[in-house]
$ cat work.cif   # mmCIF, C-alpha atoms
data_my_file
loop_
_atom_site.label_atom_id
_atom_site.label_comp_id
_atom_site.auth_asym_id
_atom_site.auth_seq_id
_atom_site.Cartn_x
_atom_site.Cartn_y
_atom_site.Cartn_z
CA MET S 1 124.45 16.75 -6.73
CA SER S 2 125.77 13.79 -4.79
CA PRO S 3 127.69 14.55 -1.54
CA SER S 4 130.58 12.57 -3.05
CA THR S 5 130.76 14.69 -6.19
CA PRO S 6 134.12 16.54 -6.14
CA PHE S 7 133.81 20.30 -6.33
CA PRO S 8 135.94 22.02 -8.99
CA HIS S 9 138.77 24.28 -8.02
CA LEU S 10 137.22 27.67 -7.22
CA LEU S 11 139.03 30.91 -7.86
CA ASP S 12 140.61 32.51 -4.80
CA PRO S 13 139.38 36.10 -4.21
CA ALA S 14 142.64 36.96 -2.45
CA ARG S 15 144.52 36.51 -5.74
CA PHE S 16 142.50 39.27 -7.38
CA GLU S 17 143.10 41.95 -4.78
CA GLY S 18 145.14 44.84 -6.13
CA GLU S 19 144.88 48.14 -7.98
CA VAL S 20 144.43 49.17 -11.60
CA ASP S 21 144.57 52.87 -12.45
CA GLY S 22 144.61 53.57 -8.71
CA ARG S 23 141.29 51.76 -8.14
CA PRO S 24 140.91 48.60 -6.02
CA THR S 25 140.17 45.30 -7.71
CA ALA S 26 138.40 42.30 -6.23
CA LEU S 27 136.74 38.98 -7.08
CA PHE S 28 133.16 38.15 -6.08
CA LEU S 29 131.60 34.68 -5.82
CA LEU S 30 127.87 34.26 -6.47
CA ARG S 31 126.12 31.06 -5.36
CA ASN S 32 122.60 29.70 -5.62
CA ALA S 33 120.68 27.06 -3.69
CA ARG S 34 121.55 24.35 -6.24
CA GLY S 35 125.32 24.68 -5.89
CA MET S 36 126.03 26.75 -9.00
CA VAL S 37 128.89 29.24 -8.60
CA VAL S 38 129.85 32.26 -10.71
CA ALA S 39 133.07 34.25 -10.14
CA ILE S 40 133.25 37.87 -11.33
CA THR S 41 135.98 40.49 -11.02
CA ASN S 42 135.19 44.19 -11.01
CA LEU S 43 138.04 44.74 -13.51
CA GLY S 44 136.01 44.83 -16.71
CA ALA S 45 133.05 43.27 -14.88
CA LYS S 46 134.51 39.98 -16.13
CA VAL S 47 132.88 36.59 -15.58
CA LEU S 48 135.86 34.28 -15.06
CA GLN S 49 134.26 31.07 -13.77
CA ILE S 50 130.88 29.32 -13.98
CA VAL S 51 130.43 25.99 -12.19
CA VAL S 52 127.43 23.84 -13.22
CA PRO S 53 126.57 20.10 -13.30
CA ASP S 54 126.48 17.78 -16.30
CA ARG S 55 123.87 15.10 -17.06
CA HIS S 56 125.34 12.90 -14.31
CA GLY S 57 125.48 15.68 -11.73
CA ALA S 58 129.25 16.11 -12.03
CA LEU S 59 130.32 19.72 -11.61
CA ALA S 60 132.72 21.50 -13.93
CA ASP S 61 133.88 25.01 -14.76
CA VAL S 62 132.36 25.98 -18.14
CA ALA S 63 133.78 29.51 -18.62
CA LEU S 64 137.32 30.37 -19.69
CA GLY S 65 139.19 32.81 -17.46
CA TYR S 66 142.31 33.45 -15.39
CA ASP S 67 143.60 32.45 -11.95
CA ASP S 68 144.64 35.86 -10.67
CA LEU S 69 144.80 39.61 -11.31
CA PRO S 70 148.08 39.51 -13.30
CA GLY S 71 146.49 36.87 -15.53
CA VAL S 72 143.50 39.10 -16.23
CA ILE S 73 145.69 42.14 -16.91
CA GLY S 74 148.06 40.25 -19.21
CA GLY S 75 145.49 38.04 -20.92
CA SER S 76 142.85 38.55 -23.58
CA PRO S 77 141.07 41.81 -22.66
CA SER S 78 137.67 40.48 -23.79
CA MET S 79 137.84 37.28 -21.75
CA GLY S 80 134.56 37.26 -19.78
CA ALA S 81 134.22 41.03 -20.05
CA PHE S 82 131.17 43.26 -20.06
CA VAL S 83 131.97 45.14 -23.26
CA GLY S 84 131.16 48.79 -24.06
CA ARG S 85 130.51 51.58 -24.44
CA TYR S 86 130.12 50.29 -27.96
CA ALA S 87 130.42 46.54 -28.66
CA GLY S 88 132.02 45.37 -31.88
CA ARG S 89 133.92 47.33 -34.50
CA ILE S 90 133.41 50.95 -35.52
CA GLY S 91 135.03 51.39 -38.91
CA GLY S 92 137.85 53.90 -39.22
CA ALA S 93 137.52 54.68 -35.48
CA ARG S 94 135.20 57.57 -36.31
CA PHE S 95 131.55 58.41 -36.88
CA THR S 96 129.32 61.46 -37.32
CA LEU S 97 126.39 62.28 -35.04
CA ASP S 98 124.15 65.31 -35.54
CA GLY S 99 126.62 66.76 -38.04
CA ARG S 100 129.64 66.49 -35.77
CA GLU S 101 132.46 64.03 -36.41
CA HIS S 102 133.83 62.09 -33.46
CA VAL S 103 137.30 60.56 -33.80
CA LEU S 104 137.90 57.60 -31.50
CA ASP S 105 141.09 55.87 -30.40
CA ALA S 106 141.89 53.01 -32.79
CA ASN S 107 142.74 49.69 -31.15
CA ALA S 108 142.12 47.18 -33.98
CA GLY S 109 144.30 48.40 -36.83
CA PRO S 110 142.62 51.61 -38.04
CA HIS S 111 139.34 50.70 -36.32
CA CYS S 112 137.86 50.95 -32.83
CA ILE S 113 136.67 47.73 -31.23
CA HIS S 114 134.70 47.17 -28.02
CA GLY S 115 134.83 50.80 -26.88
CA GLY S 116 138.51 51.37 -27.58
CA PRO S 117 141.56 51.13 -25.30
CA ARG S 118 139.62 52.81 -22.48
CA GLY S 119 136.47 50.77 -22.94
CA ALA S 120 134.61 48.91 -20.20
CA ARG S 121 136.74 45.77 -20.41
CA HIS S 122 139.77 47.80 -19.21
CA ARG S 123 138.02 49.74 -16.44
CA VAL S 124 137.57 49.03 -12.74
CA PHE S 125 133.89 49.19 -11.75
CA ASP S 126 132.53 50.19 -8.36
CA ALA S 127 131.09 46.93 -7.01
CA THR S 128 128.82 45.86 -4.16
CA GLN S 129 127.75 42.30 -3.47
CA THR S 130 124.31 42.76 -1.93
CA ASP S 131 123.72 39.08 -1.07
CA ALA S 132 125.01 35.59 -1.94
CA HIS S 133 123.59 35.69 -5.45
CA THR S 134 123.67 39.36 -6.55
CA LEU S 135 126.46 41.73 -7.60
CA GLN S 136 125.87 45.40 -8.44
CA LEU S 137 128.45 47.34 -10.47
CA ARG S 138 128.66 50.94 -11.64
CA HIS S 139 130.88 52.97 -13.91
CA ILE S 140 130.79 56.42 -15.51
CA PHE S 141 132.16 56.78 -19.04
CA ARG S 142 133.55 60.22 -19.84
CA SER S 143 134.28 61.58 -23.29
CA GLU S 144 137.68 62.96 -22.25
CA GLU S 145 138.72 59.35 -21.51
CA ASP S 146 137.21 57.29 -24.35
CA ARG S 147 136.36 60.02 -26.95
CA PHE S 148 132.73 58.97 -27.30
CA PRO S 149 130.32 61.91 -27.00
CA GLY S 150 128.79 62.66 -23.64
CA THR S 151 128.97 61.29 -20.12
CA LEU S 152 127.28 57.92 -19.69
CA ALA S 153 126.44 56.33 -16.33
CA LEU S 154 126.21 52.54 -16.37
CA ALA S 155 124.45 50.49 -13.69
CA LEU S 156 125.04 46.77 -14.14
CA SER S 157 123.82 43.78 -12.15
CA TYR S 158 124.64 40.07 -12.16
CA ARG S 159 122.09 37.84 -10.45
CA LEU S 160 122.28 34.08 -10.03
CA ASP S 161 118.79 32.54 -9.82
CA ASP S 162 117.96 29.13 -8.39
CA ASP S 163 116.99 27.76 -11.82
CA ASN S 164 120.71 28.01 -12.74
CA ALA S 165 120.22 31.22 -14.69
CA LEU S 166 122.74 34.05 -14.72
CA VAL S 167 120.70 37.21 -15.25
CA ILE S 168 122.58 40.27 -16.52
CA GLU S 169 120.76 43.61 -16.49
CA HIS S 170 122.05 47.06 -17.30
CA THR S 171 120.82 50.63 -17.50
CA ALA S 172 122.90 53.26 -19.31
CA THR S 173 121.91 56.87 -18.66
CA ALA S 174 123.18 59.91 -20.58
CA LEU S 175 124.10 62.66 -18.10
CA ASP S 176 124.60 65.50 -20.62
CA GLU S 177 124.73 65.00 -24.40
CA PRO S 178 123.53 62.07 -26.56
CA GLY S 179 125.81 59.35 -27.87
CA PRO S 180 125.68 55.81 -29.29
CA ALA S 181 125.93 52.83 -26.94
CA SER S 182 125.93 49.06 -27.17
CA PHE S 183 126.91 46.74 -24.32
CA THR S 184 127.32 42.97 -24.29
CA SER S 185 128.67 40.07 -22.27
CA HIS S 186 131.76 38.40 -23.74
CA ILE S 187 131.84 35.17 -21.74
CA TYR S 188 133.75 32.29 -23.35
CA PHE S 189 131.64 29.14 -22.88
CA ASN S 190 132.76 25.52 -23.10
CA LEU S 191 129.99 23.22 -21.82
CA ASP S 192 132.39 20.27 -21.57
CA GLY S 193 134.47 22.11 -19.01
CA VAL S 194 137.71 24.07 -19.20
CA GLY S 195 140.74 21.87 -19.74
CA GLU S 196 143.82 21.40 -21.88
CA GLY S 197 142.70 20.37 -25.34
CA SER S 198 139.00 20.85 -24.64
CA ASN S 199 137.09 22.32 -27.59
CA ILE S 200 133.58 23.00 -28.86
CA HIS S 201 133.54 20.54 -31.77
CA ARG S 202 130.73 18.49 -30.18
CA HIS S 203 128.68 21.52 -29.22
CA VAL S 204 125.43 21.96 -31.13
CA LEU S 205 124.23 25.55 -31.65
CA GLN S 206 120.90 26.92 -32.80
CA VAL S 207 119.94 30.54 -33.42
CA PRO S 208 116.30 29.90 -34.25
CA HIS S 209 115.01 33.41 -34.89
CA ALA S 210 117.58 34.94 -37.24
CA SER S 211 117.05 34.73 -41.01
CA GLU S 212 119.98 36.93 -42.09
CA VAL S 213 123.41 38.15 -41.00
CA LEU S 214 125.12 41.50 -41.37
CA ALA S 215 127.33 41.84 -44.43
CA THR S 216 130.92 42.81 -43.69
CA GLY S 217 133.72 44.31 -45.73
CA ALA S 218 137.44 44.65 -45.09
CA ASP S 219 138.56 43.82 -41.53
CA GLY S 220 135.08 42.50 -40.68
CA ILE S 221 133.47 45.96 -40.65
CA ALA S 222 129.67 45.92 -41.07
CA THR S 223 128.63 47.63 -44.30
CA GLY S 224 124.98 48.27 -43.42
CA ALA S 225 123.70 45.57 -45.76
CA THR S 226 122.40 42.13 -44.77
CA VAL S 227 122.81 38.65 -46.26
CA PRO S 228 119.93 36.12 -46.25
CA LEU S 229 120.74 32.83 -44.53
CA ASP S 230 118.96 30.63 -47.06
CA GLY S 231 121.75 28.39 -48.37
CA HIS S 232 124.36 30.10 -46.16
CA VAL S 233 127.00 27.87 -44.55
CA HIS S 234 126.28 29.54 -41.20
CA ASP S 235 122.50 29.21 -41.25
CA LEU S 236 121.80 28.27 -37.63
CA ARG S 237 118.01 28.21 -37.69
CA GLN S 238 118.30 24.46 -37.24
CA PRO S 239 120.75 22.93 -34.73
CA ARG S 240 124.27 22.59 -36.20
CA ARG S 241 127.31 20.88 -34.75
CA LEU S 242 130.06 23.50 -34.50
CA GLY S 243 132.76 20.99 -35.43
CA ASP S 244 131.12 20.65 -38.84
CA LEU S 245 131.20 24.40 -39.58
CA PRO S 246 133.90 26.93 -40.49
CA ASP S 247 134.80 29.53 -37.87
CA ILE S 248 131.98 31.92 -37.04
CA ASP S 249 132.30 35.61 -36.21
CA LEU S 250 128.96 36.93 -37.44
CA SER S 251 126.17 39.28 -36.40
CA TYR S 252 122.69 37.74 -36.44
CA PRO S 253 119.88 40.34 -36.29
CA LEU S 254 116.94 38.77 -34.48
CA ASP S 255 113.71 38.55 -36.42
CA GLY S 256 111.00 41.01 -35.42
CA ALA S 257 111.17 44.23 -33.45
CA ALA S 258 113.11 44.52 -30.20
CA THR S 259 110.98 44.07 -27.10
CA ASP S 260 111.17 44.81 -23.40
CA THR S 261 110.55 41.11 -22.75
CA ALA S 262 113.51 38.76 -23.14
CA ARG S 263 113.17 36.24 -25.97
CA LEU S 264 115.14 33.11 -26.78
CA CYS S 265 118.00 33.95 -29.14
CA ALA S 266 120.29 30.90 -28.91
CA ARG S 267 120.44 27.36 -27.65
CA LEU S 268 123.74 25.55 -27.09
CA HIS S 269 124.06 21.85 -26.22
CA SER S 270 127.08 19.65 -25.60
CA GLU S 271 126.69 16.11 -26.92
CA ALA S 272 129.49 15.01 -24.60
CA SER S 273 128.43 16.43 -21.23
CA GLY S 274 124.70 16.92 -21.81
CA ARG S 275 124.90 20.48 -20.53
CA THR S 276 122.68 23.03 -22.23
CA LEU S 277 122.74 26.81 -22.36
CA ASP S 278 119.70 28.84 -23.40
CA VAL S 279 120.28 32.53 -24.06
CA TRP S 280 117.41 35.00 -23.69
CA THR S 281 117.69 38.72 -24.38
CA THR S 282 115.90 42.00 -24.98
CA GLU S 283 118.70 43.09 -27.37
CA PRO S 284 118.07 43.13 -31.16
CA LEU S 285 121.14 41.21 -32.38
CA LEU S 286 123.31 38.23 -31.43
CA GLN S 287 127.03 38.09 -32.20
CA VAL S 288 128.29 34.51 -32.49
CA TYR S 289 132.03 33.97 -32.18
CA THR S 290 133.63 30.52 -32.16
CA ALA S 291 136.98 31.90 -30.93
CA GLY S 292 138.93 31.12 -34.08
CA GLN S 293 141.51 33.79 -33.15
CA LEU S 294 141.87 32.83 -29.49
CA GLY S 295 145.46 32.20 -28.49
CA VAL S 296 146.97 32.65 -31.96
CA ALA S 297 149.35 35.44 -30.91
CA ALA S 298 153.04 34.68 -30.46
CA LYS S 299 152.65 35.06 -26.69
CA PRO S 300 150.65 32.14 -25.23
CA ASP S 301 147.38 33.03 -23.52
CA VAL S 302 147.40 30.91 -20.37
CA GLY S 303 144.21 30.58 -18.34
CA LYS S 304 143.11 28.87 -15.16
CA ARG S 305 145.29 26.06 -13.81
CA GLY S 306 147.80 26.56 -16.63
CA VAL S 307 145.40 25.72 -19.46
CA ARG S 308 146.59 27.31 -22.70
CA HIS S 309 143.73 28.99 -24.58
CA ARG S 310 143.54 27.84 -28.18
CA PRO S 311 141.27 28.44 -31.19
CA ARG S 312 137.79 26.97 -30.76
CA ALA S 313 138.29 26.31 -27.06
CA ALA S 314 134.99 28.12 -26.45
CA VAL S 315 132.10 29.97 -28.06
CA CYS S 316 130.83 33.47 -27.27
CA LEU S 317 127.11 34.31 -27.55
CA GLU S 318 126.88 38.11 -27.31
CA PRO S 319 123.49 39.88 -27.45
CA GLN S 320 123.99 43.55 -28.38
CA TRP S 321 123.10 46.37 -30.78
CA PHE S 322 124.37 46.60 -34.36
CA PRO S 323 128.16 46.82 -34.91
CA ASN S 324 129.29 49.91 -36.84
CA ALA S 325 125.71 51.25 -36.84
CA PRO S 326 126.91 54.83 -36.18
CA ASN S 327 128.43 54.69 -39.70
CA CYS S 328 125.53 52.81 -41.33
CA PRO S 329 122.28 54.80 -41.54
CA ALA S 330 120.47 51.73 -42.88
CA LEU S 331 121.01 49.89 -39.59
CA PRO S 332 118.97 50.46 -36.40
CA GLN S 333 120.60 53.08 -34.19
CA ASN S 334 120.88 53.14 -30.41
CA VAL S 335 121.59 56.72 -29.36
CA VAL S 336 121.27 57.26 -25.62
CA ALA S 337 120.07 60.76 -24.75
CA PRO S 338 119.15 62.50 -21.48
CA GLY S 339 115.74 61.25 -20.42
CA ARG S 340 115.99 58.21 -22.72
CA PRO S 341 118.05 55.52 -20.95
CA TYR S 342 119.20 52.28 -22.54
CA ARG S 343 118.02 49.22 -20.60
CA ALA S 344 118.63 45.60 -21.47
CA THR S 345 118.43 42.13 -19.97
CA THR S 346 120.29 38.99 -21.02
CA VAL S 347 119.78 35.61 -19.36
CA TYR S 348 122.17 32.66 -19.62
CA ARG S 349 120.20 29.63 -18.35
CA PHE S 350 122.06 26.33 -17.84
CA GLY S 351 120.47 22.89 -17.85
CA VAL S 352 121.03 19.30 -18.95
CA GLU S 353 119.48 16.85 -21.36
CA GLY S 354 120.11 13.28 -22.40
#
$ encode --input "work.cif" --output "structure tokens"
Amino acid sequence: MSPSTPFPHLLDPARFEGEVDGRPTALFLLRNARGMVVAITNLGAKVLQIVVPDRHGALADVALGYDDLPGVIGGSPSMGAFVGRYAGRIGGARFTLDGREHVLDANAGPHCIHGGPRGARHRVFDATQTDAHTLQLRHIFRSEEDRFPGTLALALSYRLDDDNALVIEHTATALDEPGPASFTSHIYFNLDGVGEGSNIHRHVLQVPHASEVLATGADGIATGATVPLDGHVHDLRQPRRLGDLPDIDLSYPLDGAATDTARLCARLHSEASGRTLDVWTTEPLLQVYTAGQLGVAAKPDVGKRGVRHRPRAAVCLEPQWFPNAPNCPALPQNVVAPGRPYRATTVYRFGVEG
């Protein structure tokens, strides 16, 4: 980075100080030795800003977000959030585990999405910034609040490494009874930088190790079946320009068994800026969402510096477990029980080419 390179407008931590549900909110800035900056609020553990260079060394903010606490509260609840305790949709807002039916709070028509109205994206985490590049967050999910079975303790960390990688690690521990869990990061990426009219049409995406997608029925609910990608319009095994494809909101199971070692699940490249984003994960599935529904509500969704969020302004790459799996015995299950914690790592590594 040249000394003359202008630094993008950074979010002001003072504008995120407040209270939600009687708990204090704050904004934390992580920095590495190469000048990369990531801004995270403990409300929903949301990543609201990521500053990285392009092929010429020019810095820009490549994550959609909001300028202040009222913006976060009034904006899209998934914007930048760490989603749980179950990512994606659970059909009919109910499931049965060990012969007992659990009825959840519906927040997407008759369905439950992203943990319901008291899911992680709405909760204030306990947060400690241990050094310039590490943030530790904790939250305890209780069944009397979100209707999922059992009490689940979540320990979450964001770490910014000097190779421009944002490393996200979590451990979910059941404190009493077992229950399903699936967490993911819902960052909205635009590698050309956040700005009015900016979109992802010249972004090229590859999901090299996924040969099928989950089949969905009404309202996008996973049925338990899969669809081969041979001949599919959204076959991403080879790099595809997003501007040439219809909207994507699909679950890509990763080929092979899940592993404790993170593997490459997606590669994103902007033809315009030269920025790249490689996504590595230990999770078994990648949700790809090209934000076709972003900002379509009657009320405008206004982000940082007055930028109005619009469809296809960003893409979300969300490693997780299988949506609606608690209702689909054919799908892999992730039930967290005492003595059997759920650990996962996802790495978002930024670079440049061309």
$ residues_around --input "work.cif" --residues "Cys112 (chain S)" --least-positions-apart "4" --cutoff "7 Å" --atoms "all atoms listed in the file" --output "list of chain:residue names"
S:Arg89, S:Ile90, S:Gly91, S:Ala93, S:Leu104, S:Asp105, S:Ala106, S:Asn107, S:Ala108, S:Gly116
$ axis_aligned_box --input "work.cif" --around "region 279-292 of chain S" --padding-each-side "5 Å" --output "AutoDock Vina command-line options"
--center_x 127.4 --center_y 36.8 --center_z -28.9 --size_x 33.0 --size_y 22.6 --size_z 20.4
$ resolve_selection --input "work.cif" --expression "the PyMOL selection byres ((chain S and resi 288-292) around 6)" --output "count of residues only"
12
$ closest_residue --input "work.cif" --among "S:Thr151, S:Thr345, S:Thr173, S:Ser157" --to "Thr130 (chain S)" --atoms "all atoms listed in the file"
S:Ser157
$ residues_around --input "work.cif" --residues "Asp278 (chain S)" --least-positions-apart "4" --cutoff "8 Å" --atoms "all atoms listed in the file" --output "PyMOL selection string"
chain S and resi 264-268+347-350
$ residues_near_point --input "work.cif" --point "(123.8, 10.3, -20.7)" --cutoff "10 Å" --atoms "only C-alpha atoms" --output "list in words"
Asp54, Arg55, His56, Glu271, Ala272, Ser273, Gly274, Val352, Glu353 and Gly354 of chain S
$ closest_residue --input "work.cif" --among "S:His234, S:His170, S:His9, S:His269" --to "Gly84 (chain S)" --atoms "all atoms listed in the file"
S:His170
$ closest_residue --input "work.cif" --among "S:Val38, S:Ala257, S:Ala225, S:Ala314" --to "Pro329 (chain S)" --atoms "only C-alpha atoms"
S:Ala225
$ atom_distance --input "work.cif" --atom1 "CA of Ser198 (chain S)" --atom2 "CA of Ala313 (chain S)"
6.0 Å
$ atom_distance --input "work.cif" --atom1 "CA of Val207 (chain S)" --atom2 "CA of Phe82 (chain S)"
21.6 Å
$ closest_residue --input "work.cif" --among "S:Pro332, S:Gly99, S:Gly256, S:Gly306" --to "Glu196 (chain S)" --atoms "all atoms listed in the file"
S:Gly306
$ resolve_selection --input "work.cif" --expression "the PyMOL selection byres ((chain S and resi 119) around 12)" --output "NGL selection string"
:S and (43-45 or 77-78 or 81-88 or 104-107 or 112-118 or 120-125 or 139-143 or 145-148 or 181-183)
$ write_last_selection --input "work.cif" --atoms "C-alpha atoms" --output "PDB file, in the frame of the given file"
ATOM      1  CA  LEU S  43     138.040  44.740 -13.510  1.00  0.00           C
ATOM      2  CA  GLY S  44     136.010  44.830 -16.710  1.00  0.00           C
ATOM      3  CA  ALA S  45     133.050  43.270 -14.880  1.00  0.00           C
ATOM      4  CA  PRO S  77     141.070  41.810 -22.660  1.00  0.00           C
ATOM      5  CA  SER S  78     137.670  40.480 -23.790  1.00  0.00           C
ATOM      6  CA  ALA S  81     134.220  41.030 -20.050  1.00  0.00           C
ATOM      7  CA  PHE S  82     131.170  43.260 -20.060  1.00  0.00           C
ATOM      8  CA  VAL S  83     131.970  45.140 -23.260  1.00  0.00           C
ATOM      9  CA  GLY S  84     131.160  48.790 -24.060  1.00  0.00           C
ATOM     10  CA  ARG S  85     130.510  51.580 -24.440  1.00  0.00           C
ATOM     11  CA  TYR S  86     130.120  50.290 -27.960  1.00  0.00           C
ATOM     12  CA  ALA S  87     130.420  46.540 -28.660  1.00  0.00           C
ATOM     13  CA  GLY S  88     132.020  45.370 -31.880  1.00  0.00           C
ATOM     14  CA  LEU S 104     137.900  57.600 -31.500  1.00  0.00           C
ATOM     15  CA  ASP S 105     141.090  55.870 -30.400  1.00  0.00           C
ATOM     16  CA  ALA S 106     141.890  53.010 -32.790  1.00  0.00           C
ATOM     17  CA  ASN S 107     142.740  49.690 -31.150  1.00  0.00           C
ATOM     18  CA  CYS S 112     137.860  50.950 -32.830  1.00  0.00           C
ATOM     19  CA  ILE S 113     136.670  47.730 -31.230  1.00  0.00           C
ATOM     20  CA  HIS S 114     134.700  47.170 -28.020  1.00  0.00           C
ATOM     21  CA  GLY S 115     134.830  50.800 -26.880  1.00  0.00           C
ATOM     22  CA  GLY S 116     138.510  51.370 -27.580  1.00  0.00           C
ATOM     23  CA  PRO S 117     141.560  51.130 -25.300  1.00  0.00           C
ATOM     24  CA  ARG S 118     139.620  52.810 -22.480  1.00  0.00           C
ATOM     25  CA  ALA S 120     134.610  48.910 -20.200  1.00  0.00           C
ATOM     26  CA  ARG S 121     136.740  45.770 -20.410  1.00  0.00           C
ATOM     27  CA  HIS S 122     139.770  47.800 -19.210  1.00  0.00           C
ATOM     28  CA  ARG S 123     138.020  49.740 -16.440  1.00  0.00           C
ATOM     29  CA  VAL S 124     137.570  49.030 -12.740  1.00  0.00           C
ATOM     30  CA  PHE S 125     133.890  49.190 -11.750  1.00  0.00           C
ATOM     31  CA  HIS S 139     130.880  52.970 -13.910  1.00  0.00           C
ATOM     32  CA  ILE S 140     130.790  56.420 -15.510  1.00  0.00           C
ATOM     33  CA  PHE S 141     132.160  56.780 -19.040  1.00  0.00           C
ATOM     34  CA  ARG S 142     133.550  60.220 -19.840  1.00  0.00           C
ATOM     35  CA  SER S 143     134.280  61.580 -23.290  1.00  0.00           C
ATOM     36  CA  GLU S 145     138.720  59.350 -21.510  1.00  0.00           C
ATOM     37  CA  ASP S 146     137.210  57.290 -24.350  1.00  0.00           C
ATOM     38  CA  ARG S 147     136.360  60.020 -26.950  1.00  0.00           C
ATOM     39  CA  PHE S 148     132.730  58.970 -27.300  1.00  0.00           C
ATOM     40  CA  ALA S 181     125.930  52.830 -26.940  1.00  0.00           C
ATOM     41  CA  SER S 182     125.930  49.060 -27.170  1.00  0.00           C
ATOM     42  CA  PHE S 183     126.910  46.740 -24.320  1.00  0.00           C
TER      43      PHE S 183
END
$ closest_atom_pairs --input "work.cif" --of "region 175-228 of chain S" --to "region 321-328 of chain S" --cutoff "7 Å" --atoms "all atoms listed in the file" --output "Markdown table"
| residue | atom | partner | partner_atom | distance |
| --- | --- | --- | --- | --- |
| S:Ser182 | CA | S:Trp321 | CA | 5.3 |
| S:Ile221 | CA | S:Asn324 | CA | 6.9 |
| S:Ala222 | CA | S:Asn324 | CA | 5.8 |
| S:Thr223 | CA | S:Cys328 | CA | 6.7 |
| S:Gly224 | CA | S:Cys328 | CA | 5.0 |
